[in-house]
file protein25.cif (mmCIF, C-alpha atoms and all ligand atoms)
data_structure
loop_
_atom_site.label_atom_id
_atom_site.label_comp_id
_atom_site.auth_asym_id
_atom_site.auth_seq_id
_atom_site.Cartn_x
_atom_site.Cartn_y
_atom_site.Cartn_z
CA MET V 828 13.04 -4.10 51.20
CA GLY V 829 9.46 -3.46 50.24
CA ALA V 830 7.15 -6.03 48.72
CA TYR V 831 6.43 -4.56 45.33
CA ASP V 832 2.85 -5.68 45.03
CA THR V 833 -0.38 -3.99 44.00
CA ALA V 834 -0.84 -2.43 47.45
CA TYR V 835 2.60 -0.84 47.18
CA PHE V 836 1.75 0.89 43.89
CA ASP V 837 -1.72 1.79 45.15
CA ARG V 838 -0.20 3.72 48.05
CA PRO V 839 -0.84 7.48 47.87
CA ILE V 840 2.43 9.41 48.11
CA GLY V 841 1.25 12.99 48.43
CA ARG V 842 2.52 14.19 45.09
CA ASP V 843 0.37 17.28 45.40
CA ARG V 844 2.78 18.34 48.17
CA SER V 845 6.00 17.37 46.40
CA ASP V 846 6.60 20.41 44.16
CA SER V 847 5.50 18.23 41.26
CA VAL V 848 5.01 19.96 37.90
CA LYS V 849 2.32 17.45 37.08
CA TRP V 850 0.32 18.06 40.25
CA THR V 851 0.66 21.81 40.61
CA GLN V 852 -0.10 22.99 37.08
CA PHE V 853 -3.87 22.71 37.45
CA GLY V 854 -6.31 23.20 40.31
CA PRO V 855 -6.87 20.61 43.05
CA ASP V 856 -10.10 19.50 41.36
CA VAL V 857 -8.21 18.35 38.23
CA ILE V 858 -6.81 14.82 37.83
CA PRO V 859 -3.42 15.31 36.15
CA LEU V 860 -2.59 12.64 33.57
CA TRP V 861 -0.38 14.68 31.29
CA ILE V 862 3.41 15.03 31.75
CA ALA V 863 5.37 11.75 31.74
CA ASP V 864 6.19 10.82 35.29
CA MET V 865 4.62 8.26 37.57
CA ASP V 866 2.58 8.63 40.75
CA PHE V 867 4.56 5.79 42.36
CA PRO V 868 7.35 6.09 44.92
CA ALA V 869 10.82 5.26 43.67
CA CYS V 870 11.97 1.83 44.80
CA ASP V 871 13.32 1.44 48.33
CA GLU V 872 16.81 0.70 47.06
CA ILE V 873 16.97 4.12 45.37
CA VAL V 874 15.50 5.94 48.37
CA GLN V 875 17.97 4.29 50.75
CA ALA V 876 20.98 5.06 48.56
CA LEU V 877 19.92 8.70 48.22
CA THR V 878 19.22 9.01 51.95
CA ALA V 879 22.62 7.62 52.86
CA ARG V 880 24.33 10.02 50.46
CA ALA V 881 22.28 13.00 51.70
CA GLN V 882 23.23 12.25 55.29
CA GLU V 883 26.91 12.58 54.49
CA GLY V 884 26.29 16.31 54.20
CA CYS V 885 28.92 16.85 51.48
CA TYR V 886 27.45 18.36 48.34
CA GLY V 887 30.47 19.66 46.47
CA TYR V 888 31.17 19.08 42.79
CA ALA V 889 30.85 15.40 42.05
CA ARG V 890 33.10 13.55 39.64
CA ASP V 891 31.40 11.35 37.05
CA SER V 892 30.51 8.09 38.75
CA GLN V 893 32.27 5.20 37.06
CA ALA V 894 30.22 2.88 39.29
CA ALA V 895 26.96 4.25 37.91
CA ILE V 896 28.26 4.10 34.33
CA GLN V 897 29.33 0.50 34.85
CA ALA V 898 25.93 -0.33 36.39
CA MET V 899 24.21 1.11 33.29
CA ILE V 900 26.49 -0.90 30.99
CA ASP V 901 26.01 -4.13 32.96
CA TYR V 902 22.24 -3.65 32.97
CA HIS V 903 22.02 -3.34 29.19
CA ARG V 904 24.28 -6.34 28.67
CA ARG V 905 22.30 -8.44 31.16
CA LEU V 906 18.86 -7.64 29.77
CA TYR V 907 19.46 -7.03 26.09
CA GLY V 908 22.87 -8.45 25.27
CA TRP V 909 23.98 -4.95 24.25
CA GLU V 910 27.72 -4.41 24.70
CA ILE V 911 28.48 -0.76 25.44
CA ASP V 912 32.14 0.22 25.48
CA PRO V 913 32.72 2.50 28.52
CA ASP V 914 34.67 4.85 26.23
CA TRP V 915 31.48 5.57 24.26
CA VAL V 916 29.58 7.00 27.25
CA VAL V 917 29.13 10.74 27.72
CA PRO V 918 26.99 11.68 30.76
CA GLN V 919 24.14 14.13 30.22
CA PRO V 920 21.89 15.97 32.66
CA GLY V 921 18.91 14.92 30.55
CA VAL V 922 17.86 13.52 27.20
CA VAL V 923 16.37 16.79 25.95
CA THR V 924 19.83 18.31 26.34
CA ALA V 925 21.26 15.43 24.33
CA LEU V 926 18.69 15.94 21.55
CA ASN V 927 19.77 19.56 21.37
CA LEU V 928 23.45 18.58 21.24
CA PHE V 929 22.71 16.21 18.37
CA CYS V 930 21.10 19.03 16.36
CA ARG V 931 24.08 21.28 17.12
CA LEU V 932 26.36 18.51 16.00
CA LEU V 933 24.59 18.35 12.66
CA ARG V 934 25.02 22.08 12.22
CA ASP V 935 28.71 21.85 13.09
CA VAL V 936 29.78 18.75 11.18
CA ARG V 937 27.32 18.91 8.29
CA PRO V 938 26.80 22.61 7.68
CA ASP V 939 25.67 22.05 4.08
CA ARG V 940 23.12 19.40 4.94
CA SER V 941 22.04 19.85 8.52
CA ASP V 942 18.31 19.12 8.05
CA VAL V 943 17.08 16.52 10.49
CA PHE V 944 14.38 13.90 9.94
CA ILE V 945 11.85 13.78 12.76
CA ASN V 946 8.88 11.50 12.90
CA GLU V 947 5.38 12.82 13.28
CA PRO V 948 3.93 12.41 15.80
CA VAL V 949 6.81 12.48 18.25
CA TYR V 950 7.71 13.83 21.69
CA HIS V 951 7.55 17.60 21.26
CA HIS V 952 11.12 18.32 22.38
CA PHE V 953 12.37 16.70 19.19
CA MET V 954 10.85 19.66 17.36
CA SER V 955 11.95 22.22 19.91
CA ALA V 956 15.55 20.92 19.80
CA ALA V 957 15.69 21.33 16.02
CA GLN V 958 14.16 24.80 16.23
CA LEU V 959 16.36 25.97 19.08
CA GLN V 960 19.50 24.78 17.34
CA HIS V 961 18.48 26.24 13.96
CA VAL V 962 18.41 23.05 11.98
CA ARG V 963 15.54 22.47 9.59
CA GLU V 964 13.05 19.73 10.44
CA ARG V 965 11.93 17.19 7.89
CA ARG V 966 8.76 15.64 9.24
CA LEU V 967 8.33 12.01 8.33
CA ALA V 968 4.78 10.96 9.11
CA LEU V 969 4.17 7.69 10.95
CA ARG V 970 0.97 5.70 10.63
CA PRO V 971 -0.69 5.41 14.05
CA PHE V 972 -2.17 1.96 13.47
CA GLY V 973 -0.38 -1.06 12.05
CA GLU V 974 3.16 -0.62 10.78
CA PRO V 975 4.19 2.97 11.44
CA LEU V 976 6.85 3.49 8.78
CA PRO V 977 5.60 4.77 5.43
CA GLU V 978 5.60 2.22 2.63
CA GLY V 979 7.60 4.48 0.39
CA LEU V 980 10.33 5.28 2.91
CA GLU V 981 13.09 4.11 0.57
CA SER V 982 12.16 6.63 -2.11
CA ILE V 983 12.02 9.69 0.17
CA ASP V 984 14.47 12.35 -0.97
CA ALA V 985 17.15 12.97 1.66
CA ARG V 986 19.08 15.72 -0.10
CA GLY V 987 19.97 18.44 2.40
CA ALA V 988 19.48 16.12 5.37
CA GLY V 989 22.32 14.94 7.58
CA GLY V 990 20.53 13.17 10.41
CA TRP V 991 17.47 11.47 11.85
CA MET V 992 16.23 11.59 15.44
CA LEU V 993 14.35 8.41 16.23
CA CYS V 994 12.28 7.65 19.32
CA ASN V 995 12.66 3.97 20.29
CA PRO V 996 10.20 2.97 21.79
CA GLN V 997 7.99 5.61 20.23
CA ASN V 998 6.40 8.37 22.31
CA PRO V 999 3.47 9.03 21.83
CA LEU V 1000 2.46 6.03 19.67
CA GLY V 1001 3.61 3.50 22.29
CA HIS V 1002 5.12 1.46 19.47
CA LEU V 1003 8.08 -0.82 20.06
CA TRP V 1004 10.12 -0.84 16.87
CA THR V 1005 10.73 -4.29 15.41
CA ARG V 1006 14.01 -5.60 14.07
CA ALA V 1007 12.64 -5.39 10.52
CA GLU V 1008 11.60 -1.75 10.98
CA LEU V 1009 14.87 -0.74 12.58
CA THR V 1010 16.74 -2.48 9.77
CA ARG V 1011 14.80 -0.42 7.21
CA ILE V 1012 15.76 2.73 9.11
CA LEU V 1013 19.43 1.64 9.26
CA ASP V 1014 19.37 0.88 5.53
CA TYR V 1015 17.88 4.27 4.75
CA ALA V 1016 20.47 6.01 6.94
CA ALA V 1017 23.26 4.10 5.21
CA ALA V 1018 21.93 4.86 1.73
CA HIS V 1019 21.80 8.59 2.49
CA ASP V 1020 24.74 8.86 4.89
CA LEU V 1021 22.59 10.04 7.78
CA LEU V 1022 23.68 10.20 11.41
CA LEU V 1023 21.02 8.46 13.44
CA ALA V 1024 20.26 9.43 17.05
CA SER V 1025 17.95 7.10 18.92
CA ASP V 1026 16.20 8.35 22.07
CA GLU V 1027 15.74 5.15 24.09
CA ILE V 1028 14.61 6.70 27.36
CA HIS V 1029 11.50 4.46 27.38
CA GLY V 1030 13.45 1.25 26.64
CA GLY V 1031 12.78 -0.23 30.09
CA LEU V 1032 9.03 0.25 29.75
CA VAL V 1033 7.94 -2.55 27.45
CA LEU V 1034 4.53 -3.76 28.60
CA ASP V 1035 4.28 -6.59 26.14
CA ALA V 1036 5.08 -7.06 22.53
CA PRO V 1037 6.06 -9.98 20.36
CA HIS V 1038 9.70 -9.04 20.98
CA ALA V 1039 11.93 -7.25 23.48
CA TYR V 1040 13.23 -3.69 23.25
CA LEU V 1041 16.00 -3.66 20.67
CA PRO V 1042 18.66 -1.03 21.31
CA LEU V 1043 19.40 0.44 17.89
CA LEU V 1044 23.15 0.36 18.45
CA SER V 1045 23.02 -3.36 19.18
CA LEU V 1046 21.80 -3.91 15.61
CA ALA V 1047 24.79 -2.25 13.93
CA ARG V 1048 26.06 -4.60 11.23
CA SER V 1049 29.56 -3.20 10.98
CA ASP V 1050 31.89 -0.86 12.77
CA ALA V 1051 31.30 1.73 10.05
CA GLU V 1052 27.55 1.51 10.62
CA ARG V 1053 27.94 1.76 14.39
CA ARG V 1054 29.86 4.98 13.97
CA ARG V 1055 26.90 6.75 12.40
CA LEU V 1056 24.70 5.84 15.40
CA ILE V 1057 24.15 7.56 18.73
CA ALA V 1058 21.83 6.43 21.54
CA PHE V 1059 20.41 8.24 24.52
CA VAL V 1060 19.46 6.18 27.56
CA ALA V 1061 18.47 7.10 31.11
CA PRO V 1062 17.06 5.55 34.28
CA SER V 1063 14.62 8.46 34.59
CA LYS V 1064 11.42 7.17 32.95
CA THR V 1065 11.81 3.51 33.89
CA TRP V 1066 12.42 4.09 37.60
CA ASN V 1067 10.57 7.37 37.92
CA VAL V 1068 13.56 9.53 38.83
CA PRO V 1069 13.46 12.27 36.15
CA GLY V 1070 13.88 14.92 38.84
CA LEU V 1071 17.36 13.56 39.57
CA GLY V 1072 18.67 14.52 36.12
CA CYS V 1073 20.94 11.73 34.90
CA ALA V 1074 21.18 10.41 31.36
CA PHE V 1075 23.79 9.05 28.97
CA ALA V 1076 24.74 9.67 25.37
CA ILE V 1077 26.33 6.57 23.85
CA VAL V 1078 28.53 7.75 20.99
CA PRO V 1079 30.84 5.15 19.40
CA ASP V 1080 32.46 7.50 16.86
CA PRO V 1081 35.37 9.38 18.51
CA ALA V 1082 34.96 12.59 16.51
CA LEU V 1083 31.21 12.81 17.15
CA ARG V 1084 31.80 11.92 20.78
CA GLU V 1085 34.27 14.75 21.13
CA HIS V 1086 31.43 17.17 20.34
CA PHE V 1087 29.31 15.74 23.17
CA THR V 1088 32.26 15.62 25.58
CA ARG V 1089 33.28 19.22 24.88
CA ASN V 1090 29.75 20.46 25.48
CA TYR V 1091 29.47 18.36 28.66
CA ASP V 1092 32.78 19.75 29.95
CA GLN V 1093 32.25 23.35 28.97
CA LEU V 1094 28.59 24.22 28.58
CA ILE V 1095 25.91 22.03 30.04
CA PRO V 1096 25.60 21.21 33.74
CA ALA V 1097 27.23 18.01 34.97
CA VAL V 1098 25.06 15.25 36.32
CA ASN V 1099 24.52 16.10 39.99
CA LEU V 1100 25.67 13.72 42.67
CA PHE V 1101 22.17 12.50 43.54
CA GLY V 1102 21.58 11.72 39.87
CA TRP V 1103 24.58 9.40 39.95
CA VAL V 1104 23.50 7.72 43.18
CA GLY V 1105 19.94 7.17 41.91
CA ALA V 1106 21.15 5.81 38.58
CA GLU V 1107 23.51 3.31 40.13
CA ALA V 1108 20.86 2.01 42.55
CA ALA V 1109 18.26 1.78 39.78
CA TYR V 1110 20.41 -0.15 37.33
CA ARG V 1111 21.90 -2.42 40.01
CA HIS V 1112 18.89 -3.11 42.23
CA GLY V 1113 15.76 -1.84 40.49
CA GLU V 1114 14.67 -4.94 38.58
CA PRO V 1115 12.07 -6.32 41.07
CA TRP V 1116 10.42 -2.88 41.27
CA ARG V 1117 10.51 -2.48 37.46
CA LEU V 1118 8.85 -5.83 36.82
CA ALA V 1119 6.14 -5.23 39.44
CA MET V 1120 5.53 -1.72 38.09
CA LEU V 1121 5.08 -3.08 34.55
CA ALA V 1122 2.52 -5.61 35.83
CA TYR V 1123 0.61 -2.76 37.48
CA LEU V 1124 0.73 -0.71 34.28
CA ARG V 1125 -0.68 -3.63 32.30
CA ARG V 1126 -3.74 -3.64 34.51
CA ASN V 1127 -4.13 0.09 34.03
CA ARG V 1128 -3.76 -0.33 30.30
CA ALA V 1129 -6.68 -2.78 30.32
CA LEU V 1130 -8.87 -0.05 31.88
CA LEU V 1131 -7.86 2.42 29.19
CA GLU V 1132 -8.48 -0.11 26.44
CA ALA V 1133 -11.96 -0.83 27.83
CA PHE V 1134 -12.72 2.90 27.95
CA ALA V 1135 -11.53 3.43 24.38
CA GLU V 1136 -13.56 0.53 23.09
CA ALA V 1137 -16.72 1.52 24.97
CA HIS V 1138 -16.58 5.00 23.42
CA GLY V 1139 -15.46 4.01 19.95
CA LEU V 1140 -12.23 6.02 20.26
CA PRO V 1141 -9.31 4.31 18.51
CA LEU V 1142 -6.34 3.76 20.82
CA CYS V 1143 -2.83 3.03 19.56
CA ARG V 1144 -1.62 -0.36 20.70
CA LEU V 1145 0.27 0.46 23.89
CA GLU V 1146 3.24 -1.90 23.64
CA ALA V 1147 5.73 0.28 25.50
CA THR V 1148 5.76 3.48 27.60
CA TYR V 1149 2.87 4.39 29.92
CA LEU V 1150 1.43 6.94 27.53
CA GLY V 1151 -1.79 6.03 25.73
CA PHE V 1152 -2.49 7.84 22.47
CA LEU V 1153 -6.19 8.22 21.83
CA ASP V 1154 -7.68 9.28 18.52
CA CYS V 1155 -10.51 11.72 19.30
CA ARG V 1156 -10.86 13.18 15.80
CA ALA V 1157 -14.32 11.67 15.47
CA LEU V 1158 -15.49 14.03 18.23
CA ALA V 1159 -14.68 17.13 16.16
CA PRO V 1160 -18.23 17.75 14.82
CA THR V 1161 -19.60 17.85 18.37
CA LEU V 1162 -16.83 19.92 19.96
CA GLY V 1163 -17.54 23.18 18.16
CA GLY V 1164 -13.87 23.93 17.49
CA GLU V 1165 -12.64 23.08 20.99
CA SER V 1166 -9.74 20.62 21.13
CA PRO V 1167 -10.43 17.27 22.85
CA ARG V 1168 -7.74 18.16 25.39
CA ASP V 1169 -9.47 21.42 26.30
CA PHE V 1170 -12.84 19.69 26.35
CA PHE V 1171 -11.69 16.99 28.80
CA LEU V 1172 -10.00 19.58 30.99
CA ARG V 1173 -13.05 21.87 31.06
CA VAL V 1174 -15.82 19.29 31.40
CA ALA V 1175 -14.16 16.22 32.97
CA LYS V 1176 -11.47 18.07 34.95
CA VAL V 1177 -8.87 15.66 33.63
CA ALA V 1178 -5.60 17.12 32.30
CA LEU V 1179 -4.22 15.31 29.26
CA HIS V 1180 -1.56 16.24 26.75
CA ASP V 1181 -2.87 17.68 23.50
CA GLY V 1182 -1.83 15.52 20.53
CA ALA V 1183 -1.26 18.74 18.58
CA ILE V 1184 2.05 19.37 20.36
CA PHE V 1185 3.32 16.05 19.03
CA GLY V 1186 2.01 16.79 15.54
CA SER V 1187 -1.40 15.10 15.85
CA PRO V 1188 -4.26 17.57 16.43
CA GLY V 1189 -7.49 15.91 17.53
CA TRP V 1190 -5.64 13.31 19.61
CA VAL V 1191 -4.91 13.21 23.34
CA ARG V 1192 -2.10 11.50 25.24
CA ILE V 1193 -3.00 10.01 28.59
CA ASN V 1194 -0.50 9.00 31.26
CA ILE V 1195 -1.63 5.75 32.90
CA ALA V 1196 1.22 5.55 35.44
CA THR V 1197 -1.01 6.47 38.33
CA HIS V 1198 -3.05 4.68 40.97
CA THR V 1199 -5.61 2.39 39.41
CA ASP V 1200 -8.32 3.98 41.47
CA LEU V 1201 -7.43 7.47 40.26
CA LEU V 1202 -7.23 6.32 36.65
CA ARG V 1203 -10.65 4.72 37.01
CA ARG V 1204 -12.06 7.98 38.38
CA ALA V 1205 -10.51 9.96 35.54
CA LEU V 1206 -11.92 7.62 32.91
CA ASP V 1207 -15.37 7.75 34.58
CA ARG V 1208 -15.25 11.54 34.47
CA MET V 1209 -14.22 11.45 30.81
CA ALA V 1210 -17.08 9.06 30.08
CA ASP V 1211 -19.52 11.44 31.78
CA ALA V 1212 -18.09 14.30 29.74
CA LEU V 1213 -18.57 12.36 26.51
CA ALA V 1214 -22.17 11.65 27.49
CA THR V 1215 -22.86 15.41 27.46
CA LEU V 1216 -21.96 15.57 23.77
CA ALA V 1217 -24.71 13.36 22.45
C1 LIG Y 1 11.01 10.42 24.33
C2 LIG Y 1 11.44 11.29 25.46
N1 LIG Y 1 12.67 11.83 25.47
C3 LIG Y 1 13.09 12.64 26.47
C4 LIG Y 1 12.26 12.95 27.52
C5 LIG Y 1 12.74 13.88 28.61
O1 LIG Y 1 14.04 13.54 28.96
P1 LIG Y 1 14.81 14.36 30.09
O2 LIG Y 1 13.87 14.62 31.20
O3 LIG Y 1 15.92 13.42 30.46
O4 LIG Y 1 15.34 15.60 29.44
C6 LIG Y 1 10.97 12.44 27.55
C7 LIG Y 1 10.04 12.80 28.63
O5 LIG Y 1 8.89 12.51 28.61
C8 LIG Y 1 10.55 11.59 26.50
O6 LIG Y 1 9.32 11.04 26.49
#

call {"tool": "encode", "arguments": {"input": "protein25.cif", "output": "structure tokens", "more": "lines below"}}
Ligand SMILES: Cc1ncc(COP(=O)(O)O)c(C=O)c1O
result
Amino acid sequence: MGAYDTAYFDRPIGRDRSDSVKWTQFGPDVIPLWIADMDFPACDEIVQALTARAQEGCYGYARDSQAAIQAMIDYHRRLYGWEIDPDWVVPQPGVVTALNLFCRLLRDVRPDRSDVFINEPVYHHFMSAAQLQHVRERRLALRPFGEPLPEGLESIDARGAGGWMLCNPQNPLGHLWTRAELTRILDYAAAHDLLLASDEIHGGLVLDAPHAYLPLLSLARSDAERRRLIAFVAPSKTWNVPGLGCAFAIVPDPALREHFTRNYDQLIPAVNLFGWVGAEAAYRHGEPWRLAMLAYLRRNRALLEAFAEAHGLPLCRLEATYLGFLDCRALAPTLGGESPRDFFLRVAKVALHDGAIFGSPGWVRINIATHTDLLRRALDRMADALATLA
């Protein structure tokens, strides 16, 4: 097996030739630091498992892999002490699909109060899921610095709302929710009888924080409370296998689960056989790679922090995920109406995500899961671009 050291993660892997969305969207002169995948090879254990399966040459319909499901359950117990009952698990081809199914569920089981609370900012497919499934969004603004939840959360009117989609850890703020914050959210959901879906796709990507990732479901204080909760987990972000399409909805309540199961059986595509193989290898054997990758990301984060500080651009504390959220609103007077994202793309030839799609115009999101050398070059180009504004 490979030595997962700095040299390993520094190794170029030719992503520009790999049909990558990230690397083909812009010209070859642009450094792409936008969509959330990593420029690192998947760990050897995943590659070997996939290769062995590919060489069998049999690609018919695959049954759901109980081995992969068990590996996912064992992993969460081992790392976080979270006990997942195998009966609660409904496979999903992706978490965006699961977000959509949750919104549909609200429409079906709570037709008179199907509005869904969504934080702002948040990963843009939270909004698109609500819109596509015709449930009304209730935006609940988070504070980007310090404690994100609004002080007056408890007095927010929930009439007409039946659910809340939470992002834990939070994309794009990089915030790892604390036990106290999650308890406030659970209390609010209980007080207003909300179903709470927690997207925990970034749970394996905690860089450092005073505490570990806390799966929301593991905090349920009673069986009744657990039954209002749903979690979405996946190996995709943590082990950089989003192209394999394997995720899990964890749904303790049998009636709510039936909705997910019926849609999985009858509407959405099943997890493909390589998704299962990759997931099992990741959860069973991916820990050395994950820990080394997090150490590499911490070094990259230090570069981003130094850049932000040098240019007086406030950066959200990046506790989890590999997505830095940079407040560029102070640049507005010098940008002549151009968004910071467009400015950095045009002048620096660095592609970032525009904060506007997450609900925060004037911000940019930068993906630091790339080679340190490339990140350094991108930040140098951004610094040169900023120098032209003076
Ligand atoms: C919070 C969050 N949820 C879901 C996804 C996408 O999930 P999937 O590719 O499994 O649909 C992403 C991708 O960046 C994400 O950041």

call {"tool": "residues_around", "arguments": {"input": "protein25.cif", "residues": "region 1035-1045 of chain V", "least_positions_apart": "4", "cutoff": "9 Å", "atoms": "all atoms listed in the file", "output": "list in words"}}
result
His903, Tyr907, Gly908, Trp909, Glu910, Ile911, Asn995, Pro996, Leu1003, Trp1004, Thr1005, Arg1006, Leu1009, Leu1013, Ser1025, Glu1027, Gly1030, Gly1031, Arg1053, Leu1056, Ile1057, Ala1058, Ile1077, Arg1125, Leu1145, Glu1146 and Ala1147 of chain V

call {"tool": "residues_near_ligand", "arguments": {"input": "protein25.cif", "ligand": "ligand LIG 1 (chain Y)", "cutoff": "10 Å", "atoms": "all atoms listed in the file", "output": "number ranges by chain"}}
result
V: 861-864, 919-926, 949-953, 993-999, 1025-1030, 1059-1064, 1068-1075, 1148-1150

call {"tool": "atom_distance", "arguments": {"input": "protein25.cif", "atom1": "CA of Glu1165 (chain V)", "atom2": "CA of Glu947 (chain V)"}}
result
22.1 Å

call {"tool": "closest_residue", "arguments": {"input": "protein25.cif", "among": "V:Leu980, V:Ala830, V:Ile858, V:Ile1184", "to": "His1198 (chain V)", "atoms": "only C-alpha atoms"}}
result
V:Ile858

call {"tool": "atom_distance", "arguments": {"input": "protein25.cif", "atom1": "CA of Ala876 (chain V)", "atom2": "CA of Tyr1110 (chain V)"}}
result
12.4 Å

call {"tool": "atom_distance", "arguments": {"input": "protein25.cif", "atom1": "CA of Leu1206 (chain V)", "atom2": "CA of Ile840 (chain V)"}}
result
21.0 Å

call {"tool": "residues_near_point", "arguments": {"input": "protein25.cif", "point": "(-4.7, 12.4, 26.4)", "cutoff": "12 Å", "atoms": "all atoms listed in the file", "output": "PyMOL selection string"}}
result
chain V and resi 858-863+999-1000+1131+1135+1140+1142-1143+1149-1155+1166-1172+1177-1185+1187-1195+1205-1206+1209
